[in-house]
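K.L.:
Sharing a structure, written as structure tokens. Questions coming.
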Amino acid sequence: MYNPNVDSFLLIDSIREYYGKSALEIGTGSGIVSESLLKNFKNVVSTDIDIDCLLYCKKHNNPKISLICCDATTAISGKFDLIVSNPPYLPYDTFRDKTIHGGITGIEKTIHFIRSAVSNLEKSGHIILIVSSLSDISKLDRFIYENKIDMKIINKKKIFYETLYVYELSIVNHRQAFNRVYSLF
């Protein structure tokens, strides 16, 4: 399970001004971000591929949060006003920790989460993600651009060895973006 750290608190700080009916957290870890979503959303759903994380959340977090064991949004059919994630974003060589390493370039899990989330996003909704300067941001930005997804950086935090960015993604043309996200790569 990923224990809350600087990136978790940056994400929480970045989503304080978002409101709506429903929110989804992909990769809930300890559940601290989902807990903060309850302040501004009536329905909060959290997914994680690690059943132990979900069992921890069930025991320690608000029972109003719906917990689902799945990869990204594979078991979700509903639509959400806000989808958030602090995905594993560090690149790896030989050592691999599924809670922090997002692939060889660090963005593979992030792209997987975006692909998965697009079909679950309300038309006026947003996807909020943490991105690290240590990962291949140019490749991620290219993926976002090629899929006609609007992106802006809404927050950032420089720590001694990296800069963390908070991306806000929105879909202008849902049908076109949905088709493109699945046809690329």
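Note on naming: chains are A, B, ... as they come in the structure tokens, residues start from 1 per chain, ligands start from 1 in the order shown.
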Tell me, counting only C-alpha atoms, for each residue of stretch 29-91 of chain A within 12 Å of stretch 122-130 of chain A, which pair of atoms is nearest and how far apart they are in Å to one decimal, in rows ordered by chain and increasing number, as CSV.

P.N.:
```
residue,atom,partner,partner_atom,distance
A:Val33,CA,A:Ile128,CA,11.7
A:Ser77,CA,A:Glu122,CA,11.7
A:Gly78,CA,A:Glu122,CA,9.1
A:Lys79,CA,A:Glu122,CA,5.4
A:Phe80,CA,A:Glu122,CA,5.4
A:Asp81,CA,A:Gly125,CA,4.4
A:Leu82,CA,A:His126,CA,5.1
A:Ile83,CA,A:Ile127,CA,4.7
A:Val84,CA,A:Ile128,CA,4.7
A:Ser85,CA,A:Leu129,CA,5.1
A:Asn86,CA,A:Ile130,CA,5.1
A:Pro87,CA,A:Ile130,CA,6.8
A:Pro88,CA,A:Ile130,CA,9.0
A:Tyr89,CA,A:Ile130,CA,8.0
A:Leu90,CA,A:Ile130,CA,11.0
```

K.L.:
Within 10 Å of stretch 57-72 of chain A, counting only C-alpha atoms, which residues show up once you throw out same-chain ones fewer than 4 positions away? Write them as a CSV table (one decimal) with N, CA and C atoms, in the first residue's frame, please.

P.N.:
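This went into result_7.csv:
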```csv
chain,number,residue,atom,x,y,z
A,23,ALA,N,-17.4,11.3,-7.7
A,23,ALA,CA,-16.0,11.4,-7.9
A,23,ALA,C,-15.4,9.9,-7.8
A,24,LEU,N,-14.3,9.7,-8.6
A,24,LEU,CA,-13.7,8.4,-8.6
A,24,LEU,C,-12.2,8.6,-8.3
A,25,GLU,N,-11.6,7.8,-7.5
A,25,GLU,CA,-10.2,7.8,-7.3
A,25,GLU,C,-9.7,6.5,-7.8
A,26,ILE,N,-8.7,6.5,-8.7
A,26,ILE,CA,-8.1,5.3,-9.3
A,26,ILE,C,-6.8,5.1,-8.5
A,27,GLY,N,-6.6,3.9,-7.9
A,27,GLY,CA,-5.4,3.6,-7.1
A,27,GLY,C,-5.5,4.3,-5.7
A,28,THR,N,-6.4,3.9,-4.9
A,28,THR,CA,-6.7,4.6,-3.7
A,28,THR,C,-5.7,4.5,-2.6
A,29,GLY,N,-4.9,3.5,-2.6
A,29,GLY,CA,-3.9,3.4,-1.6
A,29,GLY,C,-4.5,3.4,-0.2
A,30,SER,N,-4.1,4.3,0.6
A,30,SER,CA,-4.6,4.5,2.0
A,30,SER,C,-6.0,5.1,2.1
A,31,GLY,N,-6.5,5.7,1.0
A,31,GLY,CA,-7.8,6.3,1.0
A,31,GLY,C,-7.9,7.7,1.4
A,32,ILE,N,-6.7,8.3,1.6
A,32,ILE,CA,-6.7,9.7,2.1
A,32,ILE,C,-7.3,10.7,1.1
A,34,SER,N,-9.6,9.9,-1.3
A,34,SER,CA,-11.0,9.7,-1.3
A,34,SER,C,-11.8,10.3,-0.1
A,35,GLU,N,-11.1,10.2,1.0
A,35,GLU,CA,-11.7,10.9,2.2
A,35,GLU,C,-11.9,12.4,1.9
A,37,LEU,N,-12.4,13.8,-0.9
A,37,LEU,CA,-13.4,14.0,-2.0
A,37,LEU,C,-14.8,14.0,-1.4
A,38,LEU,N,-15.0,13.3,-0.2
A,38,LEU,CA,-16.3,13.3,0.4
A,38,LEU,C,-16.8,14.6,0.8
A,42,LYS,N,-21.1,13.9,-3.5
A,42,LYS,CA,-22.1,13.0,-2.8
A,42,LYS,C,-21.7,11.6,-2.9
A,43,ASN,N,-21.2,11.1,-4.0
A,43,ASN,CA,-20.8,9.7,-4.2
A,43,ASN,C,-19.3,9.7,-4.5
A,44,VAL,N,-18.6,8.9,-3.8
A,44,VAL,CA,-17.2,8.7,-4.0
A,44,VAL,C,-16.9,7.2,-4.2
A,45,VAL,N,-16.2,6.9,-5.2
A,45,VAL,CA,-15.8,5.5,-5.5
A,45,VAL,C,-14.3,5.4,-5.6
A,46,SER,N,-13.7,4.4,-5.0
A,46,SER,CA,-12.3,4.2,-5.0
A,46,SER,C,-12.0,2.8,-5.6
A,47,THR,N,-11.0,2.8,-6.5
A,47,THR,CA,-10.6,1.5,-7.1
A,47,THR,C,-9.1,1.3,-6.7
A,48,ASP,N,-8.7,0.0,-6.6
A,48,ASP,CA,-7.3,-0.3,-6.4
A,48,ASP,C,-7.2,-1.8,-6.9
A,49,ILE,N,-6.1,-2.1,-7.4
A,49,ILE,CA,-5.8,-3.5,-7.9
A,49,ILE,C,-5.4,-4.3,-6.7
A,50,ASP,N,-5.0,-3.7,-5.6
A,50,ASP,CA,-4.5,-4.4,-4.4
A,50,ASP,C,-5.6,-4.6,-3.4
A,51,ILE,N,-6.1,-5.8,-3.2
A,51,ILE,CA,-7.2,-6.0,-2.3
A,51,ILE,C,-6.8,-5.6,-0.8
A,52,ASP,N,-5.6,-5.7,-0.5
A,52,ASP,CA,-5.2,-5.3,0.9
A,52,ASP,C,-5.4,-3.8,1.1
A,53,CYS,N,-5.1,-3.0,0.1
A,53,CYS,CA,-5.4,-1.6,0.2
A,53,CYS,C,-6.9,-1.3,0.5
A,76,ILE,N,-15.9,-0.5,-13.8
A,76,ILE,CA,-16.7,0.6,-13.5
A,76,ILE,C,-17.5,0.9,-14.8
A,85,SER,N,-6.2,10.7,-9.6
A,85,SER,CA,-5.2,9.6,-9.4
A,85,SER,C,-3.9,10.2,-9.1
A,87,PRO,N,-1.0,8.2,-9.7
A,87,PRO,CA,-0.5,6.9,-10.2
A,87,PRO,C,0.9,6.7,-9.9
A,109,LYS,N,1.8,3.6,-16.6
A,109,LYS,CA,0.6,3.5,-15.8
A,109,LYS,C,-0.3,4.7,-15.9
A,110,THR,N,0.3,5.9,-16.0
A,110,THR,CA,-0.5,7.1,-16.1
A,110,THR,C,-1.3,7.0,-17.4
A,112,HIS,N,-2.2,4.4,-19.1
A,112,HIS,CA,-3.2,3.3,-18.9
A,112,HIS,C,-4.4,3.8,-18.1
A,113,PHE,N,-4.1,4.6,-17.0
A,113,PHE,CA,-5.2,5.2,-16.2
A,113,PHE,C,-6.1,6.2,-17.0
A,114,ILE,N,-5.4,7.0,-17.9
A,114,ILE,CA,-6.1,7.9,-18.7
A,114,ILE,C,-7.0,7.2,-19.7
A,115,ARG,N,-6.5,6.2,-20.4
A,115,ARG,CA,-7.2,5.4,-21.3
A,115,ARG,C,-8.5,4.8,-20.7
A,116,SER,N,-8.3,4.3,-19.5
A,116,SER,CA,-9.4,3.7,-18.8
A,116,SER,C,-10.4,4.7,-18.3
A,117,ALA,N,-10.0,5.8,-17.9
A,117,ALA,CA,-10.9,6.8,-17.3
A,117,ALA,C,-11.7,7.6,-18.3
```

K.L.:
Grab the atom CA of A:Tyr145 to atom CA of A:Tyr18 distance for me, in Å with one decimal place.

P.N.:
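Between atom CA of A:Tyr145 and atom CA of A:Tyr18 the gap is 23.7 Å.
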
K.L.:
So, counting only C-alpha atoms, which residue among A:Gly20, A:Leu164, A:Leu169, A:Ser135 is closest to A:Met151?

P.N.:
A:Leu169

K.L.:
Give the strand (DSSP E or B) residues of stretch 54-117 of chain A, as DSSP finds them on the backbone, and put them as a tab-separated table (two decimals) with N, CA and C atoms, in the first residue's frame.

P.N.:
```tsv
chain	number	residue	atom	x	y	z
A	65	ILE	N	-17.63	5.63	1.21
A	65	ILE	CA	-16.79	5.44	0.02
A	65	ILE	C	-17.00	4.02	-0.50
A	66	SER	N	-17.40	3.90	-1.76
A	66	SER	CA	-17.56	2.59	-2.39
A	66	SER	C	-16.20	2.11	-2.86
A	67	LEU	N	-15.84	0.91	-2.47
A	67	LEU	CA	-14.53	0.34	-2.79
A	67	LEU	C	-14.68	-0.79	-3.80
A	68	ILE	N	-13.87	-0.74	-4.86
A	68	ILE	CA	-13.94	-1.75	-5.91
A	68	ILE	C	-12.53	-2.22	-6.25
A	69	CYS	N	-12.34	-3.52	-6.21
A	69	CYS	CA	-11.05	-4.11	-6.56
A	69	CYS	C	-11.03	-4.36	-8.07
A	80	PHE	N	-18.46	10.01	-13.99
A	80	PHE	CA	-18.01	10.79	-12.85
A	80	PHE	C	-17.68	12.22	-13.26
A	81	ASP	N	-18.00	13.14	-12.35
A	81	ASP	CA	-17.67	14.54	-12.57
A	81	ASP	C	-16.18	14.78	-12.42
A	82	LEU	N	-15.55	14.02	-11.55
A	82	LEU	CA	-14.12	14.16	-11.30
A	82	LEU	C	-13.51	12.78	-11.12
A	83	ILE	N	-12.38	12.56	-11.80
A	83	ILE	CA	-11.61	11.33	-11.63
A	83	ILE	C	-10.20	11.77	-11.25
A	84	VAL	N	-9.70	11.25	-10.15
A	84	VAL	CA	-8.39	11.65	-9.66
A	84	VAL	C	-7.49	10.43	-9.49
A	85	SER	N	-6.20	10.69	-9.60
A	85	SER	CA	-5.25	9.61	-9.37
A	85	SER	C	-3.87	10.16	-9.07
A	90	LEU	N	7.18	6.92	-11.16
A	90	LEU	CA	8.63	6.92	-11.30
A	90	LEU	C	9.08	5.87	-12.32
A	91	PRO	N	10.10	6.20	-13.13
A	91	PRO	CA	10.65	5.20	-14.03
A	91	PRO	C	11.43	4.15	-13.25
A	101	HIS	N	6.52	2.84	-9.07
A	101	HIS	CA	7.08	2.75	-10.41
A	101	HIS	C	5.98	2.58	-11.45
A	102	GLY	N	5.97	3.51	-12.40
A	102	GLY	CA	4.90	3.53	-13.41
A	102	GLY	C	5.29	2.98	-14.75
A	103	GLY	N	6.40	2.29	-14.84
A	103	GLY	CA	6.85	1.73	-16.10
A	103	GLY	C	8.28	2.17	-16.40
```
